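Okay, coords12.pdb is below, PDB, C-alpha atoms:
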```pdb
ATOM      1  CA  MET A   1      29.407 122.616  86.570
ATOM      2  CA  SER A   2      27.831 119.409  85.287
ATOM      3  CA  SER A   3      29.877 117.177  82.983
ATOM      4  CA  SER A   4      27.260 117.479  80.243
ATOM      5  CA  LEU A   5      27.337 121.268  80.383
ATOM      6  CA  ARG A   6      31.155 121.305  80.399
ATOM      7  CA  LYS A   7      31.186 119.316  77.166
ATOM      8  CA  VAL A   8      28.908 121.903  75.616
ATOM      9  CA  LEU A   9      30.940 124.863  76.868
ATOM     10  CA  ILE A  10      34.232 123.507  75.542
ATOM     11  CA  GLY A  11      33.214 124.104  71.969
ATOM     12  CA  ALA A  12      30.927 127.091  72.456
ATOM     13  CA  VAL A  13      33.228 129.678  70.846
ATOM     14  CA  LEU A  14      33.857 127.525  67.815
ATOM     15  CA  VAL A  15      30.415 127.648  66.216
ATOM     16  CA  LEU A  16      30.709 129.931  63.151
ATOM     17  CA  LEU A  17      32.209 127.457  60.670
ATOM     18  CA  ALA A  18      31.235 123.911  61.660
ATOM     19  CA  ALA A  19      30.000 121.286  59.183
ATOM     20  CA  CYS A  20      28.810 117.708  58.841
ATOM     21  CA  GLN A  21      30.399 115.591  56.081
ATOM     22  CA  ARG A  22      33.780 115.735  54.394
ATOM     23  CA  PRO A  23      33.749 115.954  50.596
ATOM     24  CA  GLU A  24      36.703 114.878  48.471
ATOM     25  CA  PRO A  25      39.097 116.274  47.524
ATOM     26  CA  VAL A  26      39.904 118.828  50.228
ATOM     27  CA  HIS A  27      41.671 121.914  48.875
ATOM     28  CA  PRO A  28      41.117 124.833  51.278
ATOM     29  CA  ALA A  29      41.988 128.331  50.121
ATOM     30  CA  LEU A  30      45.530 129.629  50.608
ATOM     31  CA  TRP A  31      46.918 133.085  49.829
ATOM     32  CA  GLN A  32      50.459 134.446  49.717
ATOM     33  CA  VAL A  33      51.078 138.009  50.881
ATOM     34  CA  ASP A  34      54.122 139.923  49.597
ATOM     35  CA  GLY A  35      55.281 143.333  50.748
ATOM     36  CA  PRO A  36      57.434 145.904  48.949
ATOM     37  CA  GLY A  37      60.461 145.097  51.092
ATOM     38  CA  GLY A  38      60.377 141.340  50.540
ATOM     39  CA  GLN A  39      57.999 140.662  53.427
ATOM     40  CA  ARG A  40      55.949 137.522  53.107
ATOM     41  CA  ALA A  41      53.062 135.813  54.875
ATOM     42  CA  TRP A  42      50.447 133.175  54.096
ATOM     43  CA  LEU A  43      46.718 133.186  54.833
ATOM     44  CA  PHE A  44      45.027 129.808  55.220
ATOM     45  CA  GLY A  45      41.286 129.369  55.678
ATOM     46  CA  THR A  46      40.289 126.807  58.288
ATOM     47  CA  ILE A  47      37.114 125.195  59.532
ATOM     48  CA  HIS A  48      36.702 124.946  63.282
ATOM     49  CA  ALA A  49      34.841 121.636  63.661
ATOM     50  CA  LEU A  50      34.424 118.459  61.615
ATOM     51  CA  PRO A  51      32.938 115.007  62.189
ATOM     52  CA  ARG A  52      36.333 113.387  61.575
ATOM     53  CA  PRO A  53      39.935 114.460  60.886
ATOM     54  CA  VAL A  54      40.656 115.463  57.288
ATOM     55  CA  ASP A  55      43.774 115.380  55.156
ATOM     56  CA  TRP A  56      44.251 119.117  54.627
ATOM     57  CA  ARG A  57      47.953 118.960  53.750
ATOM     58  CA  SER A  58      49.141 119.458  50.179
ATOM     59  CA  PRO A  59      52.454 120.348  48.487
ATOM     60  CA  ARG A  60      51.480 124.016  48.290
ATOM     61  CA  ILE A  61      50.494 124.175  51.949
ATOM     62  CA  ASP A  62      53.593 122.251  53.012
ATOM     63  CA  ALA A  63      55.760 124.642  50.986
ATOM     64  CA  ALA A  64      54.211 127.619  52.761
ATOM     65  CA  LEU A  65      54.589 125.985  56.170
ATOM     66  CA  GLY A  66      58.206 125.211  55.335
ATOM     67  CA  GLN A  67      58.997 128.863  54.649
ATOM     68  CA  ALA A  68      57.047 130.306  57.587
ATOM     69  CA  ASP A  69      58.820 131.109  60.841
ATOM     70  CA  ARG A  70      55.695 131.037  63.029
ATOM     71  CA  ILE A  71      52.052 129.968  63.136
ATOM     72  CA  VAL A  72      49.350 132.515  63.959
ATOM     73  CA  LEU A  73      45.894 131.349  65.063
ATOM     74  CA  GLU A  74      42.845 133.106  66.424
ATOM     75  CA  VAL A  75      43.482 131.341  69.752
ATOM     76  CA  ALA A  76      46.910 129.825  70.421
ATOM     77  CA  SER A  77      45.559 127.520  73.152
ATOM     78  CA  ILE A  78      42.961 126.123  70.745
ATOM     79  CA  ASP A  79      43.614 122.608  72.077
ATOM     80  CA  ASP A  80      43.209 123.492  75.775
ATOM     81  CA  ASP A  81      39.514 122.752  76.203
ATOM     82  CA  GLN A  82      39.575 123.080  79.979
ATOM     83  CA  ALA A  83      41.080 126.580  79.849
ATOM     84  CA  THR A  84      38.515 127.676  77.259
ATOM     85  CA  ALA A  85      35.674 126.304  79.369
ATOM     86  CA  GLN A  86      36.950 128.171  82.425
ATOM     87  CA  VAL A  87      37.155 131.457  80.540
ATOM     88  CA  PHE A  88      33.669 130.899  79.140
ATOM     89  CA  ALA A  89      32.177 130.112  82.543
ATOM     90  CA  ARG A  90      33.743 133.215  84.091
ATOM     91  CA  LEU A  91      32.562 135.624  81.409
ATOM     92  CA  ALA A  92      29.166 133.987  80.923
ATOM     93  CA  ALA A  93      28.038 134.253  84.540
ATOM     94  CA  ALA A  94      24.973 136.470  85.033
ATOM     95  CA  PRO A  95      23.297 135.310  88.271
ATOM     96  CA  GLN A  96      20.591 137.976  88.148
ATOM     97  CA  ALA A  97      19.629 137.449  84.509
ATOM     98  CA  ALA A  98      15.999 136.872  83.640
ATOM     99  CA  PRO A  99      14.956 133.371  82.517
ATOM    100  CA  LEU A 100      16.291 132.787  79.027
ATOM    101  CA  ARG A 101      12.872 132.209  77.460
ATOM    102  CA  ASP A 102      11.909 135.728  78.580
ATOM    103  CA  ARG A 103      14.906 137.158  76.724
ATOM    104  CA  VAL A 104      14.028 135.543  73.411
ATOM    105  CA  PRO A 105      12.653 138.173  70.990
ATOM    106  CA  PRO A 106       8.899 137.653  70.474
ATOM    107  CA  LYS A 107       9.354 136.774  66.801
ATOM    108  CA  ALA A 108      11.608 133.846  67.738
ATOM    109  CA  ARG A 109       9.813 132.366  70.736
ATOM    110  CA  ALA A 110       8.091 129.590  68.804
ATOM    111  CA  ASP A 111      11.435 128.738  67.179
ATOM    112  CA  TYR A 112      13.087 128.733  70.593
ATOM    113  CA  ALA A 113      10.565 126.257  71.971
ATOM    114  CA  ARG A 114      11.071 123.918  68.993
ATOM    115  CA  TYR A 115      14.859 124.242  69.226
ATOM    116  CA  VAL A 116      14.994 123.434  72.931
ATOM    117  CA  GLU A 117      12.801 120.385  72.410
ATOM    118  CA  LYS A 118      14.672 119.198  69.310
ATOM    119  CA  TYR A 119      18.125 119.287  70.891
ATOM    120  CA  GLY A 120      17.139 118.360  74.419
ATOM    121  CA  ALA A 121      18.425 121.601  75.908
ATOM    122  CA  ARG A 122      18.118 121.812  79.685
ATOM    123  CA  GLU A 123      16.972 125.305  80.538
ATOM    124  CA  ASP A 124      18.301 124.871  84.072
ATOM    125  CA  ASP A 125      21.797 124.568  82.571
ATOM    126  CA  LEU A 126      21.293 127.921  80.823
ATOM    127  CA  ARG A 127      20.079 129.701  83.940
ATOM    128  CA  GLY A 128      22.323 132.489  85.219
ATOM    129  CA  GLN A 129      24.123 133.027  81.928
ATOM    130  CA  ASP A 130      24.433 136.076  79.736
ATOM    131  CA  THR A 131      22.274 135.948  76.629
ATOM    132  CA  TRP A 132      25.256 135.647  74.277
ATOM    133  CA  ALA A 133      26.619 132.722  76.275
ATOM    134  CA  ALA A 134      23.333 130.836  76.236
ATOM    135  CA  ALA A 135      23.116 131.433  72.483
ATOM    136  CA  LEU A 136      26.547 129.854  71.957
ATOM    137  CA  VAL A 137      25.670 126.884  74.141
ATOM    138  CA  LEU A 138      22.504 126.292  72.118
ATOM    139  CA  ALA A 139      24.418 126.632  68.853
ATOM    140  CA  GLN A 140      26.936 124.049  70.029
ATOM    141  CA  LEU A 141      24.124 121.594  70.757
ATOM    142  CA  ALA A 142      23.058 121.801  67.124
ATOM    143  CA  GLN A 143      26.622 121.313  65.900
ATOM    144  CA  ALA A 144      27.046 118.259  68.111
ATOM    145  CA  ASP A 145      23.805 116.862  66.710
ATOM    146  CA  LEU A 146      25.312 117.159  63.211
ATOM    147  CA  GLY A 147      28.297 115.116  64.374
ATOM    148  CA  SER A 148      30.827 117.946  64.314
ATOM    149  CA  ASP A 149      33.607 118.020  66.893
ATOM    150  CA  SER A 150      36.062 120.854  67.495
ATOM    151  CA  ALA A 151      38.705 118.217  68.261
ATOM    152  CA  ASN A 152      38.770 117.588  64.496
ATOM    153  CA  GLY A 153      39.044 121.279  63.645
ATOM    154  CA  VAL A 154      41.757 122.231  61.207
ATOM    155  CA  ASP A 155      43.027 125.001  63.512
ATOM    156  CA  ARG A 156      44.205 122.324  65.931
ATOM    157  CA  ALA A 157      45.823 120.355  63.146
ATOM    158  CA  VAL A 158      47.727 123.433  61.973
ATOM    159  CA  LYS A 159      48.999 123.995  65.501
ATOM    160  CA  ALA A 160      50.189 120.399  65.617
ATOM    161  CA  ALA A 161      52.147 121.071  62.417
ATOM    162  CA  ALA A 162      54.127 123.907  64.006
ATOM    163  CA  GLU A 163      57.035 121.541  64.704
ATOM    164  CA  GLY A 164      58.724 123.684  67.311
ATOM    165  CA  ARG A 165      58.006 127.057  65.748
ATOM    166  CA  PRO A 166      56.250 129.733  67.827
ATOM    167  CA  VAL A 167      52.448 129.572  67.868
ATOM    168  CA  GLU A 168      50.982 133.050  68.339
ATOM    169  CA  GLU A 169      47.441 134.354  68.452
ATOM    170  CA  PHE A 170      45.410 137.283  67.208
ATOM    171  CA  GLU A 171      43.011 137.266  70.166
ATOM    172  CA  GLY A 172      43.045 134.402  72.622
ATOM    173  CA  ALA A 173      39.955 132.834  74.189
ATOM    174  CA  ASP A 174      39.442 135.620  76.722
ATOM    175  CA  ALA A 175      39.553 138.457  74.190
ATOM    176  CA  GLN A 176      37.484 136.490  71.693
ATOM    177  CA  LEU A 177      34.697 135.832  74.170
ATOM    178  CA  ARG A 178      34.802 139.399  75.444
ATOM    179  CA  ILE A 179      33.713 140.492  71.963
ATOM    180  CA  PHE A 180      30.453 138.634  72.556
ATOM    181  CA  ASP A 181      30.271 139.833  76.159
ATOM    182  CA  ALA A 182      30.575 143.468  75.038
ATOM    183  CA  LEU A 183      27.592 143.253  72.686
ATOM    184  CA  PRO A 184      24.605 145.348  73.772
ATOM    185  CA  GLU A 185      21.807 143.224  75.185
ATOM    186  CA  THR A 186      19.673 143.963  72.128
ATOM    187  CA  GLU A 187      22.348 142.457  69.885
ATOM    188  CA  GLN A 188      22.815 139.498  72.195
ATOM    189  CA  ARG A 189      19.113 138.791  71.854
ATOM    190  CA  ASP A 190      19.365 139.114  68.078
ATOM    191  CA  LEU A 191      22.164 136.534  68.205
ATOM    192  CA  LEU A 192      19.975 134.206  70.271
ATOM    193  CA  ALA A 193      17.102 134.590  67.815
ATOM    194  CA  MET A 194      19.317 133.782  64.844
ATOM    195  CA  VAL A 195      20.657 130.658  66.538
ATOM    196  CA  VAL A 196      17.198 129.199  67.169
ATOM    197  CA  GLN A 197      15.702 130.281  63.828
ATOM    198  CA  GLN A 198      17.234 127.458  61.837
ATOM    199  CA  GLY A 199      16.739 126.976  58.138
ATOM    200  CA  SER A 200      14.593 124.191  56.781
ATOM    201  CA  ASP A 201      17.520 121.755  56.541
ATOM    202  CA  PRO A 202      20.423 122.554  58.911
ATOM    203  CA  ARG A 203      22.325 119.447  57.802
ATOM    204  CA  ALA A 204      22.228 120.486  54.144
ATOM    205  CA  GLU A 205      23.291 124.012  55.055
ATOM    206  CA  ALA A 206      26.222 122.703  57.088
ATOM    207  CA  GLN A 207      27.249 120.385  54.271
ATOM    208  CA  ARG A 208      27.103 123.240  51.775
ATOM    209  CA  LEU A 209      29.401 125.319  53.954
ATOM    210  CA  GLU A 210      31.901 122.503  54.407
ATOM    211  CA  GLN A 211      31.956 121.821  50.684
ATOM    212  CA  ALA A 212      32.696 125.481  49.991
ATOM    213  CA  TRP A 213      35.579 125.367  52.479
ATOM    214  CA  ALA A 214      36.932 122.074  51.166
ATOM    215  CA  LYS A 215      36.956 123.301  47.569
ATOM    216  CA  GLY A 216      38.400 126.697  48.444
ATOM    217  CA  ASP A 217      35.286 128.202  46.872
ATOM    218  CA  VAL A 218      35.740 131.779  48.037
ATOM    219  CA  ALA A 219      32.694 133.044  46.147
ATOM    220  CA  ALA A 220      30.474 130.576  48.020
ATOM    221  CA  LEU A 221      32.138 131.439  51.333
ATOM    222  CA  THR A 222      31.557 135.120  50.620
ATOM    223  CA  ARG A 223      27.855 134.440  50.104
ATOM    224  CA  GLU A 224      27.769 132.581  53.417
ATOM    225  CA  THR A 225      29.291 135.576  55.213
ATOM    226  CA  GLN A 226      26.511 137.793  53.877
ATOM    227  CA  GLY A 227      23.696 135.794  55.459
ATOM    228  CA  GLY A 228      22.668 134.487  58.840
ATOM    229  CA  LEU A 229      23.909 136.379  61.855
ATOM    230  CA  LEU A 230      26.467 138.239  59.736
ATOM    231  CA  ALA A 231      23.621 139.895  57.841
ATOM    232  CA  ASP A 232      22.903 141.900  60.985
ATOM    233  CA  PRO A 233      25.006 145.103  60.620
ATOM    234  CA  GLU A 234      25.925 145.398  64.302
ATOM    235  CA  LEU A 235      26.831 141.731  64.677
ATOM    236  CA  ARG A 236      28.793 141.821  61.422
ATOM    237  CA  ALA A 237      30.776 144.834  62.608
ATOM    238  CA  ALA A 238      31.602 143.213  65.956
ATOM    239  CA  LEU A 239      32.155 139.591  64.952
ATOM    240  CA  LEU A 240      33.774 139.955  61.533
ATOM    241  CA  VAL A 241      34.776 143.382  60.217
ATOM    242  CA  GLY A 242      36.180 144.856  63.413
ATOM    243  CA  ARG A 243      38.198 141.752  64.170
ATOM    244  CA  ASN A 244      39.552 141.586  60.631
ATOM    245  CA  ARG A 245      40.728 145.190  60.853
ATOM    246  CA  ALA A 246      42.518 144.496  64.123
ATOM    247  CA  TRP A 247      44.122 141.347  62.703
ATOM    248  CA  THR A 248      45.232 143.179  59.573
ATOM    249  CA  ALA A 249      46.993 145.808  61.671
ATOM    250  CA  ARG A 250      48.638 143.105  63.799
ATOM    251  CA  LEU A 251      49.754 141.199  60.716
ATOM    252  CA  GLU A 252      51.166 144.334  59.120
ATOM    253  CA  THR A 253      53.262 144.904  62.247
ATOM    254  CA  MET A 254      54.619 141.361  61.988
ATOM    255  CA  LEU A 255      55.572 141.890  58.359
ATOM    256  CA  ARG A 256      57.332 145.160  59.120
ATOM    257  CA  GLN A 257      59.337 143.346  61.772
ATOM    258  CA  GLY A 258      60.525 140.817  59.213
ATOM    259  CA  GLN A 259      58.434 137.919  60.484
ATOM    260  CA  ARG A 260      57.046 135.338  58.044
ATOM    261  CA  PRO A 261      53.791 134.087  59.589
ATOM    262  CA  PHE A 262      51.526 131.295  58.414
ATOM    263  CA  VAL A 263      48.127 132.625  59.446
ATOM    264  CA  ALA A 264      45.358 130.053  59.934
ATOM    265  CA  VAL A 265      41.951 131.510  60.786
ATOM    266  CA  GLY A 266      38.324 130.682  60.060
ATOM    267  CA  ALA A 267      37.688 130.817  56.332
ATOM    268  CA  ALA A 268      34.954 133.448  56.742
ATOM    269  CA  HIS A 269      37.657 135.926  57.771
ATOM    270  CA  LEU A 270      39.351 135.581  54.393
ATOM    271  CA  ALA A 271      36.331 135.971  52.130
ATOM    272  CA  GLY A 272      34.936 138.999  50.346
ATOM    273  CA  PRO A 273      35.675 142.717  50.579
ATOM    274  CA  ASP A 274      35.818 142.575  54.375
ATOM    275  CA  GLY A 275      38.305 139.688  54.424
ATOM    276  CA  LEU A 276      41.984 139.817  55.356
ATOM    277  CA  PRO A 277      43.218 139.439  51.731
ATOM    278  CA  ALA A 278      41.156 142.441  50.621
ATOM    279  CA  MET A 279      42.208 144.542  53.601
ATOM    280  CA  LEU A 280      45.893 143.776  53.084
ATOM    281  CA  ALA A 281      45.625 144.526  49.364
ATOM    282  CA  ALA A 282      44.064 147.883  50.233
ATOM    283  CA  ARG A 283      47.170 148.630  52.300
ATOM    284  CA  GLY A 284      49.432 148.061  49.332
ATOM    285  CA  TYR A 285      50.426 144.427  49.748
ATOM    286  CA  ARG A 286      50.361 142.034  46.828
ATOM    287  CA  VAL A 287      47.967 139.246  47.764
ATOM    288  CA  SER A 288      47.739 136.280  45.419
ATOM    289  CA  ARG A 289      45.775 133.060  45.648
ATOM    290  CA  VAL A 290      48.080 130.025  45.695
ATOM    291  CA  GLN A 291      46.658 127.601  43.117
TER     292      GLN A 291
END
```
Can you present the structure in this file as structure tokens?
Amino acid sequence: MSSSLRKVLIGAVLVLLAACQRPEPVHPALWQVDGPGGQRAWLFGTIHALPRPVDWRSPRIDAALGQADRIVLEVASIDDDQATAQVFARLAAAPQAAPLRDRVPPKARADYARYVEKYGAREDDLRGQDTWAAALVLAQLAQADLGSDSANGVDRAVKAAAEGRPVEEFEGADAQLRIFDALPETEQRDLLAMVVQQGSDPRAEAQRLEQAWAKGDVAALTRETQGGLLADPELRAALLVGRNRAWTARLETMLRQGQRPFVAVGAAHLAGPDGLPAMLAARGYRVSRVQ
């Protein structure tokens, strides 16, 4: 694997919530979850990539971290780039796949050509990959062009704040990427089309998303989760709703066992009627925004 391609693969799974500039002040959304038997958990919305580290700590977040007995992330080994790249390369391999440009839906072929030229994508590097994998690689090229780096993601910073407590995961890199790998080819091609069909100003769109995260603007985040690739019903079910249901069940098990987790996942997973707060509330937990 070439060094340039490895750099792209490292961040390929972390493409949903990247952004370009940090607004001030930064006050990401935080919820407290209380159960009928005194169970307690916290839900913290993160952003997976930023152009520079941000000061996300606050008295309310520190208080929650101080009471929690464990950290729960989407991927516990979020800071092991080499392991993530190896998992990606293994699952992405499709030696007999048709050339990627032949798998682009007809409506998106002009966009694909412009995208490849704009970001300097090497089609030879995308050869022999599943469609979903090539789509993530292309998406990561755009994020890198905006200056975002997963090394500055808040998930990693939360893990660093564990201070000896267990760091657990909802999925892990292998399970997370297998969600993409299990998509029907038609949906993988829809994903590819949505990646290359950028809006008129990707930088402004990325900045808008980061601002919504930084302000804890859940209404704006909810609107973001209703557009783009998540507007496709099949992709939404696989990439958002189904995962949230599985995480809710896992979190409920933790609470029943008396654990007090600080859950830090992408902010999109906490927004709207399909978010973790709404799903937990529907199961009878009291979920309150920490102001």
Can you translate the PyMOL selection byres ((chain A and resi 150) around 7) into the concrete residues it hits in this file, as a CSV table (one decimal) with C-alpha atoms, in the frame of the given file?
```csv
chain,number,residue,atom,x,y,z
A,11,GLY,CA,33.2,124.1,72.0
A,48,HIS,CA,36.7,124.9,63.3
A,49,ALA,CA,34.8,121.6,63.7
A,50,LEU,CA,34.4,118.5,61.6
A,148,SER,CA,30.8,117.9,64.3
A,149,ASP,CA,33.6,118.0,66.9
A,151,ALA,CA,38.7,118.2,68.3
A,152,ASN,CA,38.8,117.6,64.5
A,153,GLY,CA,39.0,121.3,63.6
```
*Specify as an MDAnalysis selection string each residue included when the PyMOL selection byres ((chain A and resi 128-145) around 6) is applied to this file.*
chainID A and resid 12 92:95 97 126:127 146:148 188 192 195
*Can you give me, as a VMD selection string, the residues this file yields under the PyMOL selection byres ((chain A and resi 258) around 12)?*
chain A and resid 34 to 41 68 to 70 251 to 257 259 to 261
_Need the shell around Val26 (chain A): protein/DNA/RNA residues with any atom at most 7 Å away, counting only C-alpha atoms. Skip same-chain ones fewer than 5 positions apart. Format as a VMD selection string?_
chain A and resid 56 214 to 215
*What is the CA of Asp111 (chain A) to CA of Gln198 (chain A) distance in Å?*
8.0 Å
*Expressed in Å to a single decimal, how great is the separation between CA of Ile61 (chain A) and CA of Gly216 (chain A)?*
12.8 Å
*Between A:Ala219, A:Val158, A:Ala173, A:Val196, which has the minimum distance to Pro105 (chain A) (counting all atoms listed in the file)?*
A:Val196
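Taking CA of Glu224 (chain A) as the reference point, CA of Glu205 (chain A) is found at 9.8 Å.
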*Find, counting all atoms listed in the file, the residue in A:Gly120, A:Gly172, A:Pro233, A:Gly266 that gets nearest to Asp190 (chain A).*
A:Pro233
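Distance annotation: of A:Leu183, A:Val218, A:Ala246, A:Leu100, the residue with the minimal separation from Arg289 (chain A) is A:Val218; atom set is only C-alpha atoms.
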Kindly output region 123-151 of chain A as an mmCIF file, keeping the file's coordinate frame, after building N, CA and C atoms.
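Just written: part.cif:
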```cif
data_model
loop_
_atom_site.group_PDB
_atom_site.id
_atom_site.type_symbol
_atom_site.label_atom_id
_atom_site.label_comp_id
_atom_site.auth_asym_id
_atom_site.auth_seq_id
_atom_site.Cartn_x
_atom_site.Cartn_y
_atom_site.Cartn_z
ATOM 1 N N GLU A 123 17.007 123.875 80.235
ATOM 2 C CA GLU A 123 16.972 125.305 80.538
ATOM 3 C C GLU A 123 17.604 125.620 81.893
ATOM 4 N N ASP A 124 17.623 124.655 82.788
ATOM 5 C CA ASP A 124 18.301 124.871 84.072
ATOM 6 C C ASP A 124 19.799 125.077 83.860
ATOM 7 N N ASP A 125 20.372 124.400 82.855
ATOM 8 C CA ASP A 125 21.797 124.568 82.571
ATOM 9 C C ASP A 125 22.105 125.946 82.002
ATOM 10 N N LEU A 126 21.102 126.605 81.426
ATOM 11 C CA LEU A 126 21.293 127.921 80.823
ATOM 12 C C LEU A 126 20.960 129.047 81.793
ATOM 13 N N ARG A 127 20.462 128.689 82.956
ATOM 14 C CA ARG A 127 20.079 129.701 83.940
ATOM 15 C C ARG A 127 21.322 130.430 84.445
ATOM 16 N N GLY A 128 21.208 131.717 84.662
ATOM 17 C CA GLY A 128 22.323 132.489 85.219
ATOM 18 C C GLY A 128 23.432 132.763 84.239
ATOM 19 N N GLN A 129 23.133 132.722 82.941
ATOM 20 C CA GLN A 129 24.123 133.027 81.928
ATOM 21 C C GLN A 129 23.708 134.259 81.143
ATOM 22 N N ASP A 130 24.724 134.993 80.661
ATOM 23 C CA ASP A 130 24.433 136.076 79.736
ATOM 24 C C ASP A 130 23.745 135.515 78.500
ATOM 25 N N THR A 131 23.018 136.382 77.810
ATOM 26 C CA THR A 131 22.274 135.948 76.629
ATOM 27 C C THR A 131 23.205 135.422 75.546
ATOM 28 N N TRP A 132 24.327 136.096 75.315
ATOM 29 C CA TRP A 132 25.256 135.647 74.277
ATOM 30 C C TRP A 132 25.796 134.255 74.597
ATOM 31 N N ALA A 133 26.060 134.013 75.881
ATOM 32 C CA ALA A 133 26.619 132.722 76.275
ATOM 33 C C ALA A 133 25.608 131.604 76.063
ATOM 34 N N ALA A 134 24.368 131.844 76.448
ATOM 35 C CA ALA A 134 23.333 130.836 76.236
ATOM 36 C C ALA A 134 23.140 130.569 74.754
ATOM 37 N N ALA A 135 23.248 131.614 73.933
ATOM 38 C CA ALA A 135 23.116 131.433 72.483
ATOM 39 C C ALA A 135 24.212 130.526 71.948
ATOM 40 N N LEU A 136 25.446 130.702 72.425
ATOM 41 C CA LEU A 136 26.547 129.854 71.957
ATOM 42 C C LEU A 136 26.394 128.417 72.425
ATOM 43 N N VAL A 137 25.914 128.241 73.646
ATOM 44 C CA VAL A 137 25.670 126.884 74.141
ATOM 45 C C VAL A 137 24.629 126.188 73.274
ATOM 46 N N LEU A 138 23.543 126.876 72.959
ATOM 47 C CA LEU A 138 22.504 126.292 72.118
ATOM 48 C C LEU A 138 23.033 125.987 70.724
ATOM 49 N N ALA A 139 23.843 126.874 70.174
ATOM 50 C CA ALA A 139 24.418 126.632 68.853
ATOM 51 C C ALA A 139 25.307 125.395 68.863
ATOM 52 N N GLN A 140 26.061 125.215 69.943
ATOM 53 C CA GLN A 140 26.936 124.049 70.029
ATOM 54 C C GLN A 140 26.136 122.749 70.108
ATOM 55 N N LEU A 141 24.971 122.781 70.720
ATOM 56 C CA LEU A 141 24.124 121.594 70.757
ATOM 57 C C LEU A 141 23.742 121.160 69.348
ATOM 58 N N ALA A 142 23.422 122.128 68.506
ATOM 59 C CA ALA A 142 23.058 121.801 67.124
ATOM 60 C C ALA A 142 24.254 121.243 66.373
ATOM 61 N N GLN A 143 25.435 121.813 66.589
ATOM 62 C CA GLN A 143 26.622 121.313 65.900
ATOM 63 C C GLN A 143 26.950 119.886 66.338
ATOM 64 N N ALA A 144 26.803 119.618 67.622
ATOM 65 C CA ALA A 144 27.046 118.259 68.111
ATOM 66 C C ALA A 144 26.057 117.278 67.504
ATOM 67 N N ASP A 145 24.818 117.717 67.322
ATOM 68 C CA ASP A 145 23.805 116.862 66.710
ATOM 69 C C ASP A 145 24.164 116.517 65.271
ATOM 70 N N LEU A 146 24.870 117.413 64.586
ATOM 71 C CA LEU A 146 25.312 117.159 63.211
ATOM 72 C C LEU A 146 26.556 116.273 63.167
ATOM 73 N N GLY A 147 27.127 115.980 64.322
ATOM 74 C CA GLY A 147 28.297 115.116 64.374
ATOM 75 C C GLY A 147 29.618 115.844 64.351
ATOM 76 N N SER A 148 29.591 117.177 64.368
ATOM 77 C CA SER A 148 30.827 117.946 64.314
ATOM 78 C C SER A 148 31.496 117.996 65.678
ATOM 79 N N ASP A 149 32.830 118.011 65.657
ATOM 80 C CA ASP A 149 33.607 118.020 66.893
ATOM 81 C C ASP A 149 34.788 118.962 66.696
ATOM 82 N N SER A 150 34.946 119.914 67.610
ATOM 83 C CA SER A 150 36.062 120.854 67.495
ATOM 84 C C SER A 150 37.412 120.168 67.620
ATOM 85 N N ALA A 151 37.446 118.955 68.187
ATOM 86 C CA ALA A 151 38.705 118.217 68.261
ATOM 87 C C ALA A 151 39.242 117.885 66.875
#
```
